[in-house]
Each structure stands twice: as C-alpha cells, then as structure tokens.
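Have a look at entry.txt below; it lists compact mmCIF, C-alpha atoms.
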```txt
# COMPACT_ATOMS: atom_id res chain seq x y z
CA MET A 1 -49.42 -86.91 33.66
CA VAL A 2 -53.06 -87.79 32.93
CA GLU A 3 -55.02 -91.00 33.05
CA SER A 4 -58.56 -90.83 31.77
CA GLY A 5 -61.28 -92.83 30.13
CA ILE A 6 -63.24 -91.76 27.08
CA MET A 7 -66.15 -89.57 28.11
CA ARG A 8 -69.49 -90.75 26.79
CA SER A 9 -72.91 -89.19 26.97
CA ARG A 10 -74.52 -92.22 28.63
CA TYR A 11 -74.13 -92.54 32.37
CA MET A 12 -77.35 -94.29 33.27
CA ILE A 13 -76.95 -96.99 35.93
CA PRO A 14 -79.18 -99.99 35.34
CA ILE A 15 -82.10 -99.90 37.75
CA LEU A 16 -81.48 -103.45 38.93
CA VAL A 17 -77.86 -102.62 39.81
CA LEU A 18 -78.99 -99.54 41.75
CA LEU A 19 -81.62 -101.48 43.68
CA THR A 20 -79.09 -104.20 44.46
CA GLN A 21 -76.66 -101.63 45.84
CA MET A 22 -79.40 -100.10 47.99
CA VAL A 23 -80.02 -103.47 49.58
CA ILE A 24 -76.33 -104.23 49.99
CA ALA A 25 -75.75 -100.84 51.65
CA MET A 26 -77.65 -102.16 54.67
CA PRO A 27 -75.47 -103.59 57.44
CA LEU A 28 -75.01 -107.33 57.74
CA ALA A 29 -76.14 -109.05 60.88
CA ALA A 30 -73.52 -109.06 63.62
CA GLU A 31 -73.64 -112.87 63.83
CA THR A 32 -72.51 -113.15 60.18
CA PRO A 33 -68.96 -111.76 60.14
CA PRO A 34 -67.64 -111.04 56.66
CA PRO A 35 -64.62 -112.96 55.38
CA PHE A 36 -61.19 -111.33 55.64
CA TYR A 37 -59.38 -110.69 52.34
CA PRO A 38 -55.58 -110.54 52.80
CA ASP A 39 -55.06 -109.26 49.24
CA LYS A 40 -57.20 -106.16 48.80
CA SER A 41 -55.78 -105.38 45.37
CA ASN A 42 -57.21 -108.52 43.75
CA LEU A 43 -60.91 -107.68 43.68
CA LEU A 44 -62.05 -110.24 41.14
CA VAL A 45 -62.51 -112.88 43.82
CA TYR A 46 -65.05 -113.45 46.56
CA ILE A 47 -65.06 -115.92 49.42
CA GLU A 48 -68.07 -118.19 49.90
CA ALA A 49 -68.24 -121.04 52.42
CA GLY A 50 -64.58 -120.48 53.13
CA GLU A 51 -63.58 -120.97 49.49
CA ALA A 52 -62.25 -118.34 47.09
CA ARG A 53 -64.29 -118.07 43.90
CA PRO A 54 -63.69 -115.90 40.81
CA VAL A 55 -65.73 -112.77 40.12
CA THR A 56 -66.72 -113.11 36.48
CA ASN A 57 -69.82 -110.91 36.21
CA PRO A 58 -71.69 -108.10 38.00
CA ASP A 59 -73.73 -110.55 40.08
CA ASP A 60 -70.55 -112.11 41.45
CA TRP A 61 -69.21 -108.63 42.17
CA GLN A 62 -72.20 -107.78 44.36
CA LYS A 63 -71.14 -110.60 46.70
CA ARG A 64 -67.66 -109.12 47.07
CA ARG A 65 -69.13 -105.66 47.40
CA ALA A 66 -71.35 -106.81 50.26
CA HIS A 67 -68.22 -108.07 52.04
CA ILE A 68 -66.46 -104.74 51.46
CA LEU A 69 -69.28 -102.79 53.08
CA ALA A 70 -69.51 -105.22 55.97
CA ASN A 71 -65.75 -104.97 56.52
CA MET A 72 -65.96 -101.17 56.45
CA GLU A 73 -68.62 -101.44 59.16
CA LEU A 74 -66.26 -103.52 61.30
CA VAL A 75 -64.02 -100.44 61.45
CA MET A 76 -66.59 -97.64 61.26
CA GLY A 77 -69.49 -99.23 63.08
CA PRO A 78 -72.83 -100.16 61.51
CA PHE A 79 -74.59 -97.93 59.03
CA PRO A 80 -77.65 -96.48 60.83
CA ASP A 81 -81.13 -97.76 60.19
CA ASP A 82 -84.10 -95.53 59.44
CA ALA A 83 -84.91 -95.07 63.12
CA ARG A 84 -82.52 -92.09 62.97
CA ARG A 85 -84.24 -90.57 59.93
CA VAL A 86 -86.31 -87.89 61.63
CA PRO A 87 -87.95 -85.00 59.72
CA LEU A 88 -85.28 -82.67 58.32
CA ASP A 89 -86.79 -79.51 59.82
CA ILE A 90 -84.61 -77.24 57.68
CA GLN A 91 -84.11 -73.86 59.36
CA VAL A 92 -82.69 -70.78 57.59
CA LEU A 93 -80.48 -68.72 59.90
CA ASP A 94 -79.14 -66.16 57.45
CA GLU A 95 -79.37 -65.26 53.77
CA GLN A 96 -76.89 -63.42 51.53
CA ASP A 97 -77.56 -62.25 47.99
CA PHE A 98 -74.92 -62.65 45.26
CA PRO A 99 -75.12 -61.94 41.52
CA ALA A 100 -75.46 -65.59 40.46
CA PHE A 101 -76.96 -67.25 43.54
CA THR A 102 -78.42 -66.86 46.99
CA ARG A 103 -76.39 -68.24 49.88
CA ARG A 104 -78.33 -69.40 52.91
CA LYS A 105 -76.90 -70.53 56.21
CA ILE A 106 -79.10 -73.38 57.39
CA THR A 107 -79.28 -76.25 59.85
CA TYR A 108 -80.98 -79.58 59.29
CA SER A 109 -81.88 -82.39 61.64
CA ALA A 110 -79.68 -85.42 61.02
CA GLU A 111 -81.17 -87.55 63.80
CA PRO A 112 -82.87 -87.10 67.17
CA GLY A 113 -81.04 -84.43 69.16
CA ASP A 114 -78.55 -83.37 66.49
CA ARG A 115 -78.62 -80.57 63.93
CA VAL A 116 -75.98 -80.05 61.23
CA PRO A 117 -74.94 -76.53 60.13
CA ALA A 118 -74.56 -76.02 56.39
CA TYR A 119 -74.52 -73.49 53.58
CA LEU A 120 -77.10 -73.86 50.83
CA LEU A 121 -76.37 -72.07 47.55
CA VAL A 122 -79.32 -71.73 45.17
CA PRO A 123 -78.74 -70.31 41.67
CA LYS A 124 -80.85 -67.45 40.44
CA GLY A 125 -83.01 -67.54 37.36
CA ILE A 126 -83.57 -71.29 37.19
CA ASP A 127 -86.95 -72.24 35.73
CA GLU A 128 -86.64 -76.03 35.98
CA ARG A 129 -85.23 -78.56 38.39
CA VAL A 130 -81.43 -78.70 38.29
CA PRO A 131 -78.82 -81.08 39.73
CA GLY A 132 -77.88 -80.85 43.38
CA VAL A 133 -74.29 -81.29 44.54
CA LEU A 134 -73.10 -82.16 48.03
CA CYS A 135 -69.87 -80.18 48.58
CA LEU A 136 -67.67 -81.58 51.37
CA HIS A 137 -64.98 -79.32 52.78
CA PRO A 138 -61.30 -80.08 53.43
CA THR A 139 -59.65 -79.95 56.84
CA TYR A 140 -60.14 -76.32 57.84
CA GLU A 141 -60.98 -74.70 61.15
CA HIS A 142 -64.02 -72.94 59.75
CA GLY A 143 -65.25 -75.97 57.84
CA LYS A 144 -67.87 -75.19 55.23
CA ASP A 145 -66.64 -71.59 54.81
CA MET A 146 -63.78 -72.85 52.65
CA VAL A 147 -65.88 -74.25 49.82
CA VAL A 148 -68.19 -71.22 49.51
CA GLY A 149 -65.31 -68.78 48.99
CA LEU A 150 -64.81 -67.62 52.60
CA GLY A 151 -61.59 -69.58 53.24
CA ASP A 152 -57.95 -68.56 53.15
CA LYS A 153 -56.78 -70.90 50.38
CA PRO A 154 -57.44 -70.70 46.65
CA ASN A 155 -58.74 -73.65 44.63
CA ARG A 156 -61.16 -74.86 47.30
CA ASN A 157 -64.31 -72.83 46.49
CA TYR A 158 -66.05 -75.52 44.46
CA ALA A 159 -69.48 -74.97 46.05
CA GLU A 160 -69.36 -71.32 44.99
CA GLU A 161 -68.19 -72.24 41.49
CA LEU A 162 -70.82 -74.95 41.00
CA ALA A 163 -73.61 -72.64 42.18
CA GLY A 164 -72.35 -70.13 39.62
CA ARG A 165 -72.71 -72.85 36.98
CA GLY A 166 -76.35 -73.46 37.84
CA TYR A 167 -76.20 -76.27 40.39
CA VAL A 168 -77.79 -76.22 43.83
CA ALA A 169 -74.84 -76.70 46.21
CA LEU A 170 -75.08 -77.90 49.81
CA ALA A 171 -71.99 -77.63 52.05
CA PRO A 172 -72.33 -79.08 55.58
CA ASP A 173 -69.79 -78.84 58.37
CA TYR A 174 -67.91 -82.02 59.29
CA MET A 175 -67.92 -82.72 63.03
CA THR A 176 -65.33 -80.71 65.04
CA PHE A 177 -65.10 -78.06 62.31
CA GLY A 178 -66.90 -74.76 61.69
CA GLU A 179 -70.07 -74.43 63.72
CA TYR A 180 -70.42 -78.16 64.35
CA ARG A 181 -68.27 -78.84 67.41
CA ALA A 182 -70.59 -79.87 70.22
CA VAL A 183 -71.77 -83.23 68.86
CA ASP A 184 -70.40 -86.40 70.48
CA PRO A 185 -70.99 -89.26 68.04
CA TYR A 186 -70.00 -91.85 70.63
CA ALA A 187 -72.67 -90.63 73.03
CA LEU A 188 -75.12 -91.07 70.15
CA GLY A 189 -74.11 -94.72 69.76
CA TYR A 190 -71.62 -94.49 66.88
CA GLN A 191 -68.31 -96.33 66.82
CA SER A 192 -66.59 -93.69 64.68
CA GLY A 193 -66.82 -90.06 63.71
CA THR A 194 -66.57 -91.30 60.14
CA MET A 195 -69.86 -93.22 60.29
CA LYS A 196 -71.60 -90.34 62.05
CA CYS A 197 -70.63 -88.02 59.22
CA ILE A 198 -71.56 -90.60 56.57
CA TRP A 199 -75.03 -90.49 58.10
CA ASN A 200 -74.97 -86.67 58.13
CA HIS A 201 -74.09 -86.71 54.45
CA VAL A 202 -76.84 -89.21 53.65
CA ARG A 203 -79.23 -86.80 55.36
CA ALA A 204 -77.71 -83.98 53.30
CA VAL A 205 -78.78 -85.90 50.19
CA ASP A 206 -82.25 -86.02 51.76
CA VAL A 207 -82.07 -82.22 52.06
CA LEU A 208 -81.14 -81.80 48.40
CA GLN A 209 -83.88 -84.16 47.25
CA SER A 210 -86.44 -82.27 49.34
CA LEU A 211 -85.81 -78.93 47.60
CA PRO A 212 -88.18 -77.80 44.85
CA GLU A 213 -85.23 -76.50 42.80
CA VAL A 214 -83.43 -79.88 42.72
CA ASP A 215 -83.99 -82.83 40.42
CA PRO A 216 -83.85 -85.68 42.97
CA ALA A 217 -82.52 -88.10 40.34
CA ARG A 218 -79.44 -85.93 39.65
CA ILE A 219 -77.28 -85.72 42.75
CA GLY A 220 -73.48 -85.46 42.80
CA CYS A 221 -70.81 -85.15 45.46
CA ILE A 222 -67.43 -83.39 45.45
CA GLY A 223 -64.73 -82.94 48.06
CA HIS A 224 -61.05 -82.17 48.62
CA SER A 225 -58.82 -83.93 51.20
CA LEU A 226 -61.10 -84.62 54.20
CA GLY A 227 -63.97 -84.04 51.79
CA GLY A 228 -62.29 -86.24 49.20
CA HIS A 229 -62.41 -89.46 51.16
CA ASN A 230 -65.79 -88.60 52.67
CA THR A 231 -67.12 -88.22 49.12
CA LEU A 232 -66.16 -91.86 48.53
CA PHE A 233 -67.59 -93.01 51.87
CA ALA A 234 -70.90 -91.23 51.23
CA GLY A 235 -71.11 -92.69 47.73
CA VAL A 236 -70.48 -96.24 48.93
CA PHE A 237 -73.36 -96.11 51.40
CA ASP A 238 -75.76 -93.93 49.38
CA PRO A 239 -76.43 -95.05 45.78
CA ARG A 240 -78.53 -91.93 45.17
CA ILE A 241 -75.22 -90.11 44.59
CA LYS A 242 -74.82 -90.51 40.84
CA VAL A 243 -71.32 -89.05 40.35
CA MET A 244 -68.38 -88.37 42.65
CA VAL A 245 -65.36 -86.05 42.39
CA THR A 246 -62.62 -86.82 44.92
CA SER A 247 -59.55 -84.60 45.19
CA CYS A 248 -56.46 -85.49 47.26
CA GLY A 249 -58.55 -87.77 49.44
CA PHE A 250 -57.08 -91.28 49.56
CA ASN A 251 -54.46 -93.83 48.73
CA ALA A 252 -53.87 -97.46 49.68
CA PHE A 253 -53.28 -97.89 53.42
CA PRO A 254 -49.82 -99.52 53.04
CA LYS A 255 -48.62 -96.33 51.30
CA TYR A 256 -50.31 -93.84 53.61
CA TYR A 257 -47.26 -92.36 55.36
CA GLU A 258 -45.44 -95.65 54.69
CA GLY A 259 -48.14 -97.62 56.48
CA ASN A 260 -48.43 -95.42 59.59
CA LEU A 261 -52.22 -95.14 59.98
CA THR A 262 -52.16 -92.83 63.01
CA GLY A 263 -53.77 -90.03 61.00
CA TRP A 264 -56.93 -92.13 60.58
CA THR A 265 -57.38 -92.96 64.27
CA SER A 266 -58.62 -89.79 66.00
CA ASN A 267 -62.16 -89.55 67.34
CA ARG A 268 -63.25 -87.58 64.29
CA TYR A 269 -62.28 -90.57 62.12
CA MET A 270 -61.96 -94.28 63.03
CA PRO A 271 -60.39 -95.00 66.45
CA ARG A 272 -60.89 -98.76 65.98
CA ILE A 273 -58.05 -98.65 63.44
CA ASP A 274 -55.86 -98.24 66.53
CA THR A 275 -57.77 -100.00 69.31
CA VAL A 276 -58.76 -103.11 67.35
CA TYR A 277 -56.39 -103.30 64.37
CA GLY A 278 -53.22 -101.85 65.87
CA LYS A 279 -52.78 -99.32 63.06
CA ASP A 280 -51.50 -102.19 60.91
CA PRO A 281 -52.50 -102.05 57.22
CA ALA A 282 -52.16 -105.85 56.98
CA ARG A 283 -54.82 -106.32 59.67
CA MET A 284 -57.28 -103.78 58.27
CA PRO A 285 -60.58 -105.30 57.10
CA PHE A 286 -60.84 -102.86 54.17
CA ASP A 287 -58.69 -100.60 52.00
CA PHE A 288 -59.33 -97.81 49.52
CA THR A 289 -58.70 -100.21 46.63
CA GLU A 290 -62.03 -101.73 47.65
CA VAL A 291 -63.78 -98.46 48.53
CA LEU A 292 -63.11 -97.07 45.05
CA ALA A 293 -64.24 -100.28 43.34
CA ALA A 294 -67.41 -100.42 45.46
CA LEU A 295 -68.64 -97.34 43.58
CA ALA A 296 -68.71 -99.15 40.23
CA PRO A 297 -70.32 -98.59 37.80
CA ARG A 298 -71.07 -95.02 38.88
CA PRO A 299 -68.82 -92.25 37.49
CA VAL A 300 -65.86 -91.19 39.65
CA PHE A 301 -63.33 -88.44 38.90
CA VAL A 302 -60.05 -88.59 40.87
CA ASN A 303 -57.62 -85.70 41.31
CA ALA A 304 -54.33 -87.13 42.63
CA PRO A 305 -51.36 -84.75 42.32
CA LEU A 306 -47.89 -86.12 41.73
CA ARG A 307 -46.42 -84.35 44.77
CA ASP A 308 -49.20 -84.83 47.32
CA ALA A 309 -47.44 -85.44 50.66
CA ASN A 310 -50.69 -86.49 52.37
CA PHE A 311 -51.70 -89.20 49.91
CA GLU A 312 -48.63 -90.46 48.08
CA VAL A 313 -49.55 -90.89 44.44
CA SER A 314 -48.31 -94.44 43.83
CA GLY A 315 -50.85 -95.57 46.44
CA VAL A 316 -53.54 -93.88 44.34
CA TYR A 317 -52.28 -95.72 41.27
CA ASP A 318 -52.68 -98.95 43.24
CA CYS A 319 -56.32 -98.13 43.97
CA LEU A 320 -57.08 -97.21 40.37
CA ALA A 321 -55.42 -100.37 39.06
CA ALA A 322 -57.46 -102.51 41.45
CA ALA A 323 -60.77 -100.80 40.66
CA ARG A 324 -60.52 -100.69 36.87
CA PRO A 325 -61.19 -104.41 36.32
CA VAL A 326 -64.38 -104.04 38.35
CA TYR A 327 -65.52 -101.14 36.18
CA ALA A 328 -64.70 -103.32 33.16
CA LEU A 329 -67.14 -105.95 34.43
CA PHE A 330 -69.88 -103.38 33.84
CA GLY A 331 -68.48 -102.14 30.53
CA ALA A 332 -67.92 -98.83 32.32
CA GLU A 333 -64.18 -98.28 31.99
CA ASP A 334 -64.76 -94.67 30.89
CA ARG A 335 -66.55 -93.85 34.15
CA LEU A 336 -63.39 -94.02 36.28
CA VAL A 337 -61.21 -91.04 35.36
CA ALA A 338 -58.05 -89.75 37.03
CA GLN A 339 -55.84 -86.71 36.55
CA HIS A 340 -52.41 -86.28 38.11
CA PRO A 341 -51.31 -82.64 37.99
CA ASP A 342 -47.71 -81.78 38.82
CA CYS A 343 -48.44 -80.03 42.10
CA GLU A 344 -48.73 -80.67 45.83
CA HIS A 345 -51.93 -81.22 47.88
CA ASP A 346 -54.10 -78.99 45.68
CA PHE A 347 -57.09 -78.86 43.34
CA PRO A 348 -55.85 -76.67 40.46
CA PRO A 349 -58.26 -74.65 38.28
CA GLU A 350 -57.71 -76.72 35.15
CA VAL A 351 -58.43 -79.94 37.03
CA ARG A 352 -61.57 -78.44 38.60
CA GLU A 353 -62.74 -77.46 35.12
CA ALA A 354 -62.26 -81.04 33.94
CA ALA A 355 -64.06 -82.33 37.03
CA TYR A 356 -67.03 -80.00 36.46
CA ALA A 357 -67.29 -81.12 32.82
CA PHE A 358 -67.19 -84.76 33.96
CA MET A 359 -69.91 -84.10 36.52
CA ALA A 360 -72.10 -82.29 34.00
CA SER A 361 -71.85 -85.18 31.55
CA ALA A 362 -72.54 -87.74 34.27
CA LEU A 363 -75.65 -85.89 35.42
CA GLU A 364 -76.83 -85.61 31.82
CA ALA A 365 -77.00 -81.87 32.03
CA GLU A 366 -75.64 -79.35 29.61
CA GLU A 367 -72.87 -77.35 31.17
CA PRO A 368 -74.30 -73.98 32.25
```

Could I get this file's structure written as structure tokens?
Amino acid sequence: MVESGIMRSRYMIPILVLLTQMVIAMPLAAETPPPFYPDKSNLLVYIEAGEARPVTNPDDWQKRRAHILANMELVMGPFPDDARRVPLDIQVLDEQDFPAFTRRKITYSAEPGDRVPAYLLVPKGIDERVPGVLCLHPTYEHGKDMVVGLGDKPNRNYAEELAGRGYVALAPDYMTFGEYRAVDPYALGYQSGTMKCIWNHVRAVDVLQSLPEVDPARIGCIGHSLGGHNTLFAGVFDPRIKVMVTSCGFNAFPKYYEGNLTGWTSNRYMPRIDTVYGKDPARMPFDFTEVLAALAPRPVFVNAPLRDANFEVSGVYDCLAAARPVYALFGAEDRLVAQHPDCEHDFPPEVREAAYAFMASALEAEEP
C-alpha cells in the first residue's frame, strides 16, 4: 500500500517563508503561554485573543505554527539561545579508509562542557561541494554504529549507503547510547533529553555546514525509529534542514500503544509528559499531527509499515491526513510522501531506494 505525491524537480522554499520559520523557531516568552488546541487534527485554525480563526493562507499558518512550537517547548523545555553555541572544535579520533569513502570518528562541542561523539563519512573523489546528510540512529546500544554498517540489523545502514552515493554523512550518538552516556541534560539546564538532543542535532548541522566538502544550502536529515522522530524534531527547530526522511518514527499520541504514553516519559525523552500531563494524550499540548505539518512546505518522506507494533499505522494515517491540507496551502502537496510496506518495524531496501531518490530530488542533486 503506497501513498505518494507527484515528484517534481522544484523544491525551492521561498526565502520569506524560510526567514519566517527561523524567527518562529525561537522560543516564546514565558509570560505569553500559547493557546491549547483540543483538536490537534484540525490544523486550519488558529486561536487569537481567545477566538478561533480560520487558516486560509501561509501567513495565517505561521501563527498556528508558532503556537505548535511554543506548545512543544512546554513539554520539551525552551529551545536554547545562541549562548550555548560555542566553537565546534571538531576533533578527529580515528580514521578508516573504505573504497567509496573515508570514515572518521569525531567529537564536536555542542555547548560549554559537552562534546558529542559522531561518525563523519566523506566520499572520495568529489571535486565540488555536495549535500550533507544528518543520519540519526535508531534505538541501539552502540548508537551511531548501526547506521554506518557496524550494527547487528540489516536495513539500518543509511549513513553508509548515502556516503556511497556521494553525500557527506554525519551520524552522532543520541544521549545514553554508544559513546555518549555521561551527559546529564538536566544538570545543563534542560527540561528534557529530547530538547538536549535537538540542540545537539542543530549543532550537527553546524558541523556539516562548516565542512569544505559540503554545500551549506543542501542539508538533509534521515532517521529510523528513535532517529525517525528526532528527524522531525530537528527539522521543526532548524529550517536549514531542507528535506527529511523519517522511518517508523511516529504516530498520533492517542494511537501510540492505545494512548499509553509511558514510552515517551523516560529521562532520555520528555519526563514532563508524565509529571505535568499525566501521560494523557488529551492533555498533551502538542501531537505529531502538528509536528509533521510544522515542516511544511519542506519535503518529507515517511516510511510507515503496515505491521509496525511501535507506531501503529492508522495513527500515521491520522498525521498525514492532518498535515496534507497545510502542505496544500503552499501548493506543495507533492512534498509530503508516504510509503507503507507490508512489514514490521523496518526500513526495507526498496523503500530506502525511494527515500534516497526523494532526497536527491529535494536537494536538487543528480543521483550519484
């Protein structure tokens, strides 16, 4: 079963829309709480002065989008300001040579007192700047190893495959996985592990843009499971990410394990879902219907298998149905694409091939 839009060659986001999103990505002042939206599937409405108003154009949508980000911050904590943006100080710890690329183990400085371990894969033989792709790993003890071909499951080595196709691939560890276990985001002032890692991923985009091999205007992000929803989170808060591929990473909260949100509440995610909102989907300030729509009009490819036990597929359909009218506001219906393979929690080869083609078209690059 496949749902897809018609691929087009144009994926340029209007500059004014991009600048507006950059401004809106900044946190709202604490004394201006965002309105609560009981129905998070009807996105063509925004609340102003306590009154619901229709969203009829992209300008109206930016008002609702600002509320979505502010409501995400109620759960995740505020998006950091530039006081945390210290020099990257990229350090190479190890280097391995492969036929198509060089794989470097690096660390980079995300903020004062914290360094993030990552793999950096740089293709060989490139004579011009190429796209860079942030590759976010799934839940796996050894973190970033999985996506560079060192894991114990097939169909997860997308960083390795993209580097083989000519993209610079950066794969950081998520906190508590791989070589990134000592950090305490709460001691650093965060209210969630999710927001800490959003910031780490924003800094990872800084790393990609700093590299002489990377075209800073062509940055993508891809992830499976844990990496799938963090791809969406990173894209919402960082408009420099021009295309996103999310695999088995989300559904609507009421259909996540029949509304049991316990899986989202550990310290590596969002404990306020429990401590403030009682793990109740009806009380949640945001849902993935809104997260997906907040990426419009940028291109998003969704892999949502029919038999995924983690993210039940009808809850993904709900998110897609809610987001499509927002993409239509921008005349960008073809930029939200979904495939639904008949498998479990997996990222099959044929779907990865489709995702890579989508990413290549979105980044206006010929497929290597």

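All residues that come within 6 Å of the coordinates (-64.7, -83.8, 66.7), counting all atoms listed in the file, are given as Met175, Thr176 and Arg268 of chain A.
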
* To do: Please provide as a count of residues only all residues within 8 Å of A:Asp94, with the sequence filter that same-chain residues fewer than 6 positions apart are discarded (counting all atoms listed in the file).
  => 3

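If you measure from each of A:Asp97, A:Glu312, A:Asp173, A:Asp318 to A:Ala118 using all atoms listed in the file, the closest one turns out to be A:Asp173.
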
Hey, what's within 9 Å of A:Asn200 if we count all atoms listed in the file and toss same-chain stuff fewer than 2 positions away? As an mmCIF file with C-alpha atoms, in the coordinates of the input, please?
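Okay, this is what ended up in part27.cif:
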```
data_model
loop_
_atom_site.group_PDB
_atom_site.id
_atom_site.type_symbol
_atom_site.label_atom_id
_atom_site.label_comp_id
_atom_site.auth_asym_id
_atom_site.auth_seq_id
_atom_site.Cartn_x
_atom_site.Cartn_y
_atom_site.Cartn_z
ATOM 1 C CA SER A 109 -81.880 -82.390 61.640
ATOM 2 C CA ALA A 110 -79.680 -85.420 61.020
ATOM 3 C CA GLU A 111 -81.170 -87.550 63.800
ATOM 4 C CA VAL A 116 -75.980 -80.050 61.230
ATOM 5 C CA PRO A 172 -72.330 -79.080 55.580
ATOM 6 C CA TYR A 174 -67.910 -82.020 59.290
ATOM 7 C CA MET A 195 -69.860 -93.220 60.290
ATOM 8 C CA LYS A 196 -71.600 -90.340 62.050
ATOM 9 C CA CYS A 197 -70.630 -88.020 59.220
ATOM 10 C CA ILE A 198 -71.560 -90.600 56.570
ATOM 11 C CA VAL A 202 -76.840 -89.210 53.650
ATOM 12 C CA ARG A 203 -79.230 -86.800 55.360
ATOM 13 C CA ALA A 204 -77.710 -83.980 53.300
ATOM 14 C CA VAL A 205 -78.780 -85.900 50.190
#
```

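The coordinates place atom CA of A:Phe250 at 14.0 Å from atom CA of A:Ala321.
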
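Nearest residue to A:Gly166, choosing from A:His224, A:Arg352, A:Arg129, A:His201 and counting all atoms listed in the file: A:Arg129.
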